[in-house]
file protein22.tsv (TSV, C-alpha atoms)
chain	number	residue	atom	x	y	z
A	432	MET	CA	0.00	0.00	0.00
A	433	LYS	CA	1.04	3.51	-0.62
A	434	ARG	CA	0.79	4.69	2.93
A	435	ASP	CA	3.53	2.33	4.05
A	436	ASN	CA	6.11	4.10	1.93
A	437	GLU	CA	8.82	5.78	3.91
A	438	ALA	CA	9.84	9.35	3.30
A	439	SER	CA	13.24	9.92	1.77
A	440	GLY	CA	16.34	10.71	3.78
A	441	ILE	CA	16.25	14.36	2.82
A	442	VAL	CA	12.81	14.79	4.32
A	443	LYS	CA	13.86	13.01	7.48
A	444	ASN	CA	17.00	15.09	7.94
A	445	VAL	CA	15.22	18.37	7.30
A	446	ALA	CA	12.49	17.37	9.74
A	447	CYS	CA	15.11	16.68	12.40
A	448	ILE	CA	16.80	20.02	11.75
A	449	LEU	CA	13.52	21.94	11.79
A	450	ALA	CA	12.36	20.30	15.00
A	451	ILE	CA	14.54	22.49	17.19
A	452	PRO	CA	13.50	25.91	15.81
A	453	ILE	CA	9.84	24.91	15.73
A	454	THR	CA	9.93	23.80	19.36
A	455	VAL	CA	11.82	26.86	20.50
A	456	PHE	CA	9.54	29.23	18.63
A	457	GLY	CA	6.41	27.54	19.90
A	458	LEU	CA	7.62	27.64	23.49
A	459	TYR	CA	8.65	31.27	23.07
A	460	VAL	CA	5.24	32.25	21.75
A	461	ILE	CA	3.51	30.42	24.60
A	462	LEU	CA	5.73	31.68	27.42
A	463	HIS	CA	5.87	35.29	26.20
A	464	GLY	CA	2.16	35.44	25.48
A	465	HIS	CA	1.62	38.23	27.98
A	466	LEU	CA	4.45	40.37	26.58
A	467	THR	CA	4.46	39.93	22.83
A	468	PRO	CA	1.82	39.04	20.24
A	469	GLY	CA	0.82	35.43	20.41
A	470	GLY	CA	-0.36	33.26	23.23
A	471	GLY	CA	-1.45	29.80	24.08
A	472	PHE	CA	-3.58	29.13	21.03
A	473	VAL	CA	-0.99	30.29	18.54
A	474	GLY	CA	1.94	28.63	20.27
A	475	GLY	CA	0.08	25.37	20.62
A	476	ALA	CA	-0.74	25.40	16.93
A	477	VAL	CA	2.91	26.09	16.09
A	478	MET	CA	4.03	23.17	18.19
A	479	ALA	CA	1.39	20.90	16.69
A	480	THR	CA	2.96	21.44	13.27
A	481	LEU	CA	5.98	19.61	14.67
A	482	ILE	CA	3.88	16.51	15.20
A	483	ALA	CA	2.45	16.83	11.71
A	484	LEU	CA	5.94	17.16	10.25
A	485	PHE	CA	7.19	14.11	12.12
A	486	LEU	CA	4.14	12.19	11.08
A	487	VAL	CA	4.93	12.88	7.44
A	488	SER	CA	8.57	11.90	7.75
A	489	PHE	CA	8.62	9.11	10.35
A	490	ARG	CA	5.28	7.46	9.86
A	491	LYS	CA	6.32	3.95	10.85
A	492	ASP	CA	8.01	5.02	14.06
A	493	MET	CA	5.16	7.30	15.05
A	494	ILE	CA	2.59	4.53	14.83
A	495	LYS	CA	4.17	2.63	17.67
A	496	GLY	CA	3.77	3.75	21.24
A	497	GLY	CA	0.81	5.06	23.15
A	498	MET	CA	0.85	8.59	21.79
A	499	LYS	CA	-2.92	8.86	21.56
A	500	LYS	CA	-3.33	8.04	25.24
A	501	SER	CA	-0.68	10.52	26.38
A	502	PHE	CA	-2.00	13.29	24.16
A	503	SER	CA	-5.56	12.89	25.36
A	504	LEU	CA	-4.27	12.84	28.93
A	505	SER	CA	-2.28	16.04	28.48
A	506	GLU	CA	-5.17	17.75	26.72
A	507	THR	CA	-7.45	16.97	29.61
A	508	LEU	CA	-4.78	18.15	32.04
A	509	GLY	CA	-4.45	21.46	30.19
A	510	LEU	CA	-8.17	22.14	30.23
A	511	LEU	CA	-8.43	21.15	33.89
A	512	ALA	CA	-5.52	23.44	34.79
A	513	PHE	CA	-7.23	26.30	32.98
A	514	ILE	CA	-10.53	25.74	34.75
A	515	SER	CA	-8.91	25.37	38.16
A	516	LEU	CA	-6.88	28.55	37.65
A	517	ALA	CA	-10.14	30.28	36.84
A	518	PHE	CA	-11.77	28.84	39.94
A	519	LEU	CA	-8.91	29.86	42.21
A	520	GLY	CA	-9.96	33.49	41.87
A	521	ILE	CA	-13.53	32.71	42.85
A	522	SER	CA	-13.22	34.80	46.03
A	523	ALA	CA	-13.72	37.89	43.87
A	524	THR	CA	-15.20	36.61	40.61
A	525	PHE	CA	-14.75	33.70	38.27
A	526	PHE	CA	-11.56	34.39	36.28
A	527	HIS	CA	-10.33	36.94	38.82
A	528	ASN	CA	-6.62	37.55	38.36
A	529	PHE	CA	-5.58	36.86	41.93
A	530	LEU	CA	-1.83	36.84	41.28
A	531	ALA	CA	-1.37	40.14	39.49
A	532	ASN	CA	0.54	42.90	41.28
A	533	THR	CA	1.03	40.89	44.46
A	534	ASP	CA	4.82	40.35	44.33
A	535	LEU	CA	4.15	36.62	44.50
A	536	PHE	CA	4.56	34.07	41.72
A	537	PHE	CA	4.32	35.91	38.39
A	538	GLY	CA	3.13	38.97	40.28
A	539	THR	CA	5.85	41.54	39.72
A	540	ILE	CA	4.35	44.99	39.62
A	541	VAL	CA	4.75	46.28	36.10
A	542	PRO	CA	5.81	49.89	35.45
A	543	PHE	CA	3.17	51.72	33.49
A	544	GLY	CA	3.89	52.66	29.90
A	545	SER	CA	6.66	51.31	27.72
A	546	ASN	CA	8.93	48.85	29.46
A	547	PRO	CA	11.32	46.16	28.27
A	548	GLY	CA	8.91	43.43	29.28
A	549	TYR	CA	9.50	41.36	32.39
A	550	LEU	CA	8.70	37.67	32.27
A	551	GLY	CA	7.43	37.46	35.83
A	552	THR	CA	4.43	39.73	35.33
A	553	GLY	CA	0.87	39.11	34.43
A	554	GLY	CA	-0.51	37.07	37.30
A	555	THR	CA	-2.55	34.15	36.10
A	556	ALA	CA	-2.35	35.11	32.43
A	557	PRO	CA	0.99	33.35	31.70
A	558	LEU	CA	-0.12	30.27	33.63
A	559	MET	CA	-3.35	30.18	31.66
A	560	ASN	CA	-1.31	30.64	28.49
A	561	ILE	CA	0.73	27.56	29.38
A	562	ALA	CA	-2.40	25.56	30.15
A	563	ILE	CA	-4.10	26.59	26.92
A	564	GLY	CA	-0.91	25.96	24.97
A	565	LEU	CA	-0.71	22.42	26.34
A	566	GLU	CA	-4.34	21.83	25.51
A	567	VAL	CA	-4.19	23.19	21.97
A	568	PHE	CA	-0.92	21.37	21.23
A	569	SER	CA	-2.27	18.05	22.40
A	570	GLY	CA	-5.66	18.56	20.80
A	571	LEU	CA	-4.36	19.44	17.36
A	572	SER	CA	-1.73	16.71	17.51
A	573	LEU	CA	-4.42	14.23	18.47
A	574	ILE	CA	-6.56	15.30	15.51
A	575	VAL	CA	-3.62	14.90	13.13
A	576	LEU	CA	-2.64	11.51	14.57
A	577	LEU	CA	-6.19	10.17	14.46
A	578	MET	CA	-6.65	11.24	10.87
A	579	ALA	CA	-3.34	9.68	9.93
A	580	TYR	CA	-4.09	6.36	11.60
A	581	TYR	CA	-7.58	6.02	10.29
A	582	LYS	CA	-7.98	3.27	7.76
A	583	PRO	CA	-11.32	3.04	6.04
A	584	GLY	CA	-12.87	-0.37	6.02
A	585	GLY	CA	-12.40	-3.05	8.60
A	586	GLU	CA	-9.30	-4.75	7.28
A	587	GLY	CA	-6.52	-4.97	9.82
A	588	ASN	CA	-6.79	-1.85	11.89
A	589	ASP	CA	-3.73	-1.25	14.00
B	418	MET	CA	-33.63	49.81	2.22
B	419	LEU	CA	-30.23	48.53	1.16
B	420	LEU	CA	-29.42	51.87	-0.39
B	421	ALA	CA	-30.33	53.63	2.81
B	422	ALA	CA	-28.14	51.22	4.75
B	423	VAL	CA	-25.22	51.94	2.45
B	424	LEU	CA	-25.79	55.67	2.70
B	425	PHE	CA	-26.04	55.78	6.48
B	426	VAL	CA	-23.34	53.29	7.36
B	427	HIS	CA	-21.08	54.78	9.97
B	428	PRO	CA	-17.45	55.43	9.04
B	429	LEU	CA	-15.01	52.58	9.29
B	430	GLY	CA	-12.66	52.62	12.23
B	431	LYS	CA	-14.74	55.04	14.24
B	432	PRO	CA	-16.81	53.06	16.73
B	433	PRO	CA	-19.81	54.94	18.09
B	434	ARG	CA	-18.84	54.29	21.70
B	435	THR	CA	-15.24	54.15	22.94
B	436	GLU	CA	-15.59	54.04	26.73
B	437	MET	CA	-14.73	50.36	27.04
B	438	ASP	CA	-11.77	50.56	24.67
B	439	ASP	CA	-10.37	53.51	26.55
B	440	TYR	CA	-10.82	51.72	29.84
B	441	PHE	CA	-8.92	48.65	28.63
B	442	ILE	CA	-6.13	50.70	27.10
B	443	LEU	CA	-5.68	52.92	30.14
B	444	ASN	CA	-6.10	50.39	32.94
B	445	GLY	CA	-5.29	47.03	31.40
B	446	GLN	CA	-1.59	47.16	32.01
B	447	ALA	CA	-1.87	48.43	35.56
B	448	GLN	CA	-4.59	46.03	36.62
B	449	THR	CA	-3.42	42.76	35.10
B	450	GLY	CA	0.30	43.38	34.69
B	451	CYS	CA	0.33	42.17	31.09
B	452	ASN	CA	2.13	44.30	28.56
B	453	ASN	CA	-0.05	42.72	25.90
B	454	ILE	CA	-3.49	44.28	26.09
B	455	VAL	CA	-4.94	41.49	24.00
B	456	THR	CA	-3.80	38.91	26.53
B	457	SER	CA	-5.20	40.92	29.39
B	458	VAL	CA	-8.57	41.04	27.63
B	459	VAL	CA	-8.57	37.44	26.48
B	460	PHE	CA	-7.39	35.83	29.70
B	461	ASP	CA	-8.68	38.24	32.29
B	462	TYR	CA	-11.52	40.56	31.37
B	463	ARG	CA	-13.12	38.12	28.94
B	464	GLY	CA	-11.81	34.88	30.36
B	465	MET	CA	-15.18	33.22	30.05
B	466	ASP	CA	-14.94	33.55	26.27
B	467	THR	CA	-11.56	31.82	26.20
B	468	PHE	CA	-12.96	29.11	28.41
B	469	GLY	CA	-15.69	28.55	25.82
B	470	GLU	CA	-13.12	28.36	23.04
B	471	ALA	CA	-11.06	25.79	24.91
B	472	THR	CA	-14.13	23.73	25.63
B	473	ILE	CA	-15.16	23.83	21.98
B	474	LEU	CA	-11.73	22.57	20.97
B	475	PHE	CA	-11.98	19.80	23.53
B	476	ALA	CA	-15.41	18.83	22.25
B	477	ALA	CA	-14.15	18.81	18.67
B	478	VAL	CA	-11.26	16.51	19.56
B	479	ALA	CA	-13.60	14.26	21.51
B	480	GLY	CA	-15.93	14.05	18.52
B	481	ILE	CA	-13.10	13.20	16.15
B	482	PHE	CA	-11.89	10.59	18.61
B	483	MET	CA	-15.36	9.12	18.67
B	484	VAL	CA	-15.63	8.91	14.90
B	485	LEU	CA	-12.11	7.88	13.90
B	486	GLY	CA	-10.50	6.74	17.11
B	487	GLU	CA	-11.07	3.18	18.17
B	488	LYS	CA	-11.02	0.14	16.00
B	489	ASN	CA	-14.39	-0.49	14.56
B	490	GLU	CA	-14.84	-4.21	14.38
B	491	LYS	CA	-17.78	-4.22	12.03
B	492	GLY	CA	-15.86	-2.25	9.46
B	493	GLN	CA	-18.35	0.61	9.57

call {"tool": "encode", "arguments": {"input": "protein22.tsv", "output": "structure tokens"}}
result
Amino acid sequence: MKRDNEASGIVKNVACILAIPITVFGLYVILHGHLTPGGGFVGGAVMATLIALFLVSFRKDMIKGGMKKSFSLSETLGLLAFISLAFLGISATFFHNFLANTDLFFGTIVPFGSNPGYLGTGGTAPLMNIAIGLEVFSGLSLIVLLMAYYKPGGEGND
Amino acid sequence: MLLAAVLFVHPLGKPPRTEMDDYFILNGQAQTGCNNIVTSVVFDYRGMDTFGEATILFAAVAGIFMVLGEKNEKGQ
């Protein structure tokens, strides 16, 4: 069958080279979501392209292993972290930013106006960015993996 | 009717009310500590909306898992 064909060595090597910049850029977009344009959704989508790229180049190796299970687990964890972060501020309102401007974790008081951008600001927003990034990354990767594994008809599903 | 709508459409880029925009722009950075106003709106002021988006994504993945996920023994 055609889908069992392996990609050529060029594709594999370029995928391995591109893996590092894609990961770094995705993590940068997620972690700096409260300072620069981007955020959890965008960064998660960027990192999901890594899974798609690896799926194209290393199809046989990607089929093994329980990736579906771990991705659905991490997606659920991301959504649960988001909801629990929202509930933690319930003393004021749902989605109250209880960490901002408190000098605690991620609570550095930000100087008003233009500033160089400090990573430890933003309260719950960066944590929610991480949670949403995890969820979007796992969700989109899961969609790609499921569509790649699907074989129409009942003959010999993996 | 359409002609009247075209004639009386209000100018692009000039919203009729700007109180909420001004509030976000002036107070967003001080209140949430995010340099990115969009993030402060999306994850703080309108967090419920983001929650809905995340839930929709989760539901979409769950639906795709249901349709394509497990082995279907009858061959569907």

call {"tool": "closest_residue", "arguments": {"input": "protein22.tsv", "among": "A:Ala438, A:Ile461, A:Met478, A:Ile453", "to": "chain B", "atoms": "only C-alpha atoms"}}
result
A:Ile461

call {"tool": "residues_around", "arguments": {"input": "protein22.tsv", "residues": "range 511-518 of chain A", "least_positions_apart": "5", "cutoff": "7 Å", "atoms": "only C-alpha atoms", "output": "list in words"}}
result
Phe525, Phe526, His527, Met559, Ala562 and Ile563 of chain A

call {"tool": "atom_distance", "arguments": {"input": "protein22.tsv", "atom1": "CA of Leu510 in chain A", "atom2": "CA of Leu565 in chain A"}}
result
8.4 Å

call {"tool": "closest_residue", "arguments": {"input": "protein22.tsv", "among": "A:Thr480, A:Thr454, A:Ser522, A:Ser505", "to": "chain B", "atoms": "all atoms listed in the file"}}
result
A:Ser505

call {"tool": "closest_atom_pairs", "arguments": {"input": "protein22.tsv", "of": "chain B", "to": "chain A", "cutoff": "10 Å", "atoms": "only C-alpha atoms", "output": "Markdown table"}}
result
| residue | atom | partner | partner_atom | distance |
| --- | --- | --- | --- | --- |
| B:Leu443 | CA | A:Phe543 | CA | 9.5 |
| B:Asn444 | CA | A:Phe543 | CA | 9.4 |
| B:Gly445 | CA | A:Phe543 | CA | 9.9 |
| B:Gln446 | CA | A:Phe543 | CA | 6.8 |
| B:Ala447 | CA | A:Phe543 | CA | 6.4 |
| B:Gln448 | CA | A:Ala531 | CA | 7.3 |
| B:Thr449 | CA | A:Ala531 | CA | 5.5 |
| B:Gly450 | CA | A:Gly553 | CA | 4.3 |
| B:Cys451 | CA | A:Gly553 | CA | 4.6 |
| B:Asn452 | CA | A:Leu466 | CA | 5.0 |
| B:Asn453 | CA | A:Leu466 | CA | 5.1 |
| B:Ile454 | CA | A:His465 | CA | 8.1 |
| B:Val455 | CA | A:Pro468 | CA | 8.1 |
| B:Thr456 | CA | A:His465 | CA | 5.7 |
| B:Ser457 | CA | A:Ala556 | CA | 7.1 |
| B:Val458 | CA | A:Ala556 | CA | 9.8 |
| B:Val459 | CA | A:Ala556 | CA | 8.9 |
| B:Phe460 | CA | A:Ala556 | CA | 5.8 |
| B:Asp461 | CA | A:Phe526 | CA | 6.2 |
| B:Tyr462 | CA | A:Phe526 | CA | 7.9 |
| B:Arg463 | CA | A:Phe526 | CA | 8.4 |
| B:Gly464 | CA | A:Phe526 | CA | 5.9 |
| B:Met465 | CA | A:Phe526 | CA | 7.3 |
| B:Thr467 | CA | A:Ile563 | CA | 9.1 |
| B:Phe468 | CA | A:Ile514 | CA | 7.6 |
| B:Glu470 | CA | A:Phe472 | CA | 9.8 |
| B:Ala471 | CA | A:Leu510 | CA | 7.1 |
| B:Thr472 | CA | A:Leu510 | CA | 7.7 |
| B:Leu474 | CA | A:Gly570 | CA | 7.3 |
| B:Phe475 | CA | A:Gly570 | CA | 7.0 |
| B:Ala476 | CA | A:Gly570 | CA | 9.9 |
| B:Ala477 | CA | A:Gly570 | CA | 8.8 |
| B:Val478 | CA | A:Gly570 | CA | 6.1 |
| B:Ala479 | CA | A:Ser503 | CA | 9.0 |
| B:Gly480 | CA | A:Ile574 | CA | 9.9 |
| B:Ile481 | CA | A:Ile574 | CA | 6.9 |
| B:Phe482 | CA | A:Leu577 | CA | 7.1 |
| B:Val484 | CA | A:Leu577 | CA | 9.5 |
| B:Leu485 | CA | A:Tyr581 | CA | 6.1 |
| B:Gly486 | CA | A:Leu577 | CA | 6.1 |
| B:Glu487 | CA | A:Tyr581 | CA | 9.1 |
| B:Lys488 | CA | A:Asn588 | CA | 6.2 |
| B:Asn489 | CA | A:Gly585 | CA | 6.8 |
| B:Glu490 | CA | A:Gly585 | CA | 6.4 |
| B:Lys491 | CA | A:Gly585 | CA | 6.5 |
| B:Gly492 | CA | A:Gly585 | CA | 3.7 |
| B:Gln493 | CA | A:Gly584 | CA | 6.6 |

call {"tool": "atom_distance", "arguments": {"input": "protein22.tsv", "atom1": "CA of Ile473 in chain B", "atom2": "CA of Leu484 in chain A"}}
result
25.0 Å

call {"tool": "residues_around", "arguments": {"input": "protein22.tsv", "residues": "Leu462 in chain A", "least_positions_apart": "3", "cutoff": "7 Å", "atoms": "all atoms listed in the file", "output": "number ranges by chain"}}
result
A: 458-459, 557, 561

call {"tool": "closest_residue", "arguments": {"input": "protein22.tsv", "among": "A:Ala450, A:Lys500, A:Leu519, A:Phe489", "to": "Val477 in chain A", "atoms": "all atoms listed in the file"}}
result
A:Ala450

call {"tool": "atom_distance", "arguments": {"input": "protein22.tsv", "atom1": "CA of Phe485 in chain A", "atom2": "CA of Ala446 in chain A"}}
result
6.7 Å

call {"tool": "decode", "arguments": {"input": "protein22.tsv", "residues": "range 561-579 of chain A", "atoms": "N, CA and C atoms", "output": "PDB file, in the first residue's frame"}}
result
ATOM      1  N   ILE A 561       0.061  28.865  29.417  1.00  0.00           N
ATOM      2  CA  ILE A 561       0.727  27.563  29.377  1.00  0.00           C
ATOM      3  C   ILE A 561      -0.316  26.452  29.319  1.00  0.00           C
ATOM      4  N   ALA A 562      -1.367  26.591  30.133  1.00  0.00           N
ATOM      5  CA  ALA A 562      -2.404  25.555  30.148  1.00  0.00           C
ATOM      6  C   ALA A 562      -3.086  25.442  28.795  1.00  0.00           C
ATOM      7  N   ILE A 563      -3.433  26.606  28.222  1.00  0.00           N
ATOM      8  CA  ILE A 563      -4.102  26.593  26.922  1.00  0.00           C
ATOM      9  C   ILE A 563      -3.157  26.087  25.840  1.00  0.00           C
ATOM     10  N   GLY A 564      -1.878  26.452  25.952  1.00  0.00           N
ATOM     11  CA  GLY A 564      -0.912  25.962  24.972  1.00  0.00           C
ATOM     12  C   GLY A 564      -0.804  24.457  25.000  1.00  0.00           C
ATOM     13  N   LEU A 565      -0.758  23.889  26.209  1.00  0.00           N
ATOM     14  CA  LEU A 565      -0.712  22.421  26.340  1.00  0.00           C
ATOM     15  C   LEU A 565      -1.958  21.800  25.737  1.00  0.00           C
ATOM     16  N   GLU A 566      -3.093  22.427  25.998  1.00  0.00           N
ATOM     17  CA  GLU A 566      -4.338  21.831  25.511  1.00  0.00           C
ATOM     18  C   GLU A 566      -4.419  21.890  23.988  1.00  0.00           C
ATOM     19  N   VAL A 567      -4.073  23.050  23.417  1.00  0.00           N
ATOM     20  CA  VAL A 567      -4.188  23.186  21.968  1.00  0.00           C
ATOM     21  C   VAL A 567      -3.166  22.295  21.266  1.00  0.00           C
ATOM     22  N   PHE A 568      -1.952  22.237  21.823  1.00  0.00           N
ATOM     23  CA  PHE A 568      -0.924  21.374  21.232  1.00  0.00           C
ATOM     24  C   PHE A 568      -1.380  19.923  21.218  1.00  0.00           C
ATOM     25  N   SER A 569      -1.865  19.454  22.357  1.00  0.00           N
ATOM     26  CA  SER A 569      -2.270  18.046  22.404  1.00  0.00           C
ATOM     27  C   SER A 569      -3.504  17.800  21.555  1.00  0.00           C
ATOM     28  N   GLY A 570      -4.439  18.769  21.569  1.00  0.00           N
ATOM     29  CA  GLY A 570      -5.661  18.561  20.805  1.00  0.00           C
ATOM     30  C   GLY A 570      -5.404  18.495  19.319  1.00  0.00           C
ATOM     31  N   LEU A 571      -4.629  19.447  18.799  1.00  0.00           N
ATOM     32  CA  LEU A 571      -4.361  19.440  17.361  1.00  0.00           C
ATOM     33  C   LEU A 571      -3.504  18.250  16.965  1.00  0.00           C
ATOM     34  N   SER A 572      -2.547  17.882  17.819  1.00  0.00           N
ATOM     35  CA  SER A 572      -1.732  16.706  17.511  1.00  0.00           C
ATOM     36  C   SER A 572      -2.589  15.449  17.493  1.00  0.00           C
ATOM     37  N   LEU A 573      -3.537  15.394  18.414  1.00  0.00           N
ATOM     38  CA  LEU A 573      -4.419  14.229  18.474  1.00  0.00           C
ATOM     39  C   LEU A 573      -5.269  14.140  17.214  1.00  0.00           C
ATOM     40  N   ILE A 574      -5.762  15.295  16.745  1.00  0.00           N
ATOM     41  CA  ILE A 574      -6.557  15.296  15.513  1.00  0.00           C
ATOM     42  C   ILE A 574      -5.715  14.781  14.349  1.00  0.00           C
ATOM     43  N   VAL A 575      -4.482  15.308  14.243  1.00  0.00           N
ATOM     44  CA  VAL A 575      -3.616  14.904  13.133  1.00  0.00           C
ATOM     45  C   VAL A 575      -3.309  13.410  13.205  1.00  0.00           C
ATOM     46  N   LEU A 576      -2.987  12.930  14.414  1.00  0.00           N
ATOM     47  CA  LEU A 576      -2.644  11.512  14.574  1.00  0.00           C
ATOM     48  C   LEU A 576      -3.828  10.622  14.237  1.00  0.00           C
ATOM     49  N   LEU A 577      -5.015  11.012  14.712  1.00  0.00           N
ATOM     50  CA  LEU A 577      -6.192  10.174  14.461  1.00  0.00           C
ATOM     51  C   LEU A 577      -6.492  10.100  12.974  1.00  0.00           C
ATOM     52  N   MET A 578      -6.370  11.250  12.313  1.00  0.00           N
ATOM     53  CA  MET A 578      -6.649  11.244  10.874  1.00  0.00           C
ATOM     54  C   MET A 578      -5.602  10.462  10.109  1.00  0.00           C
ATOM     55  N   ALA A 579      -4.368  10.431  10.630  1.00  0.00           N
ATOM     56  CA  ALA A 579      -3.338   9.679   9.930  1.00  0.00           C
ATOM     57  C   ALA A 579      -3.509   8.181  10.139  1.00  0.00           C
TER      58      ALA A 579
END
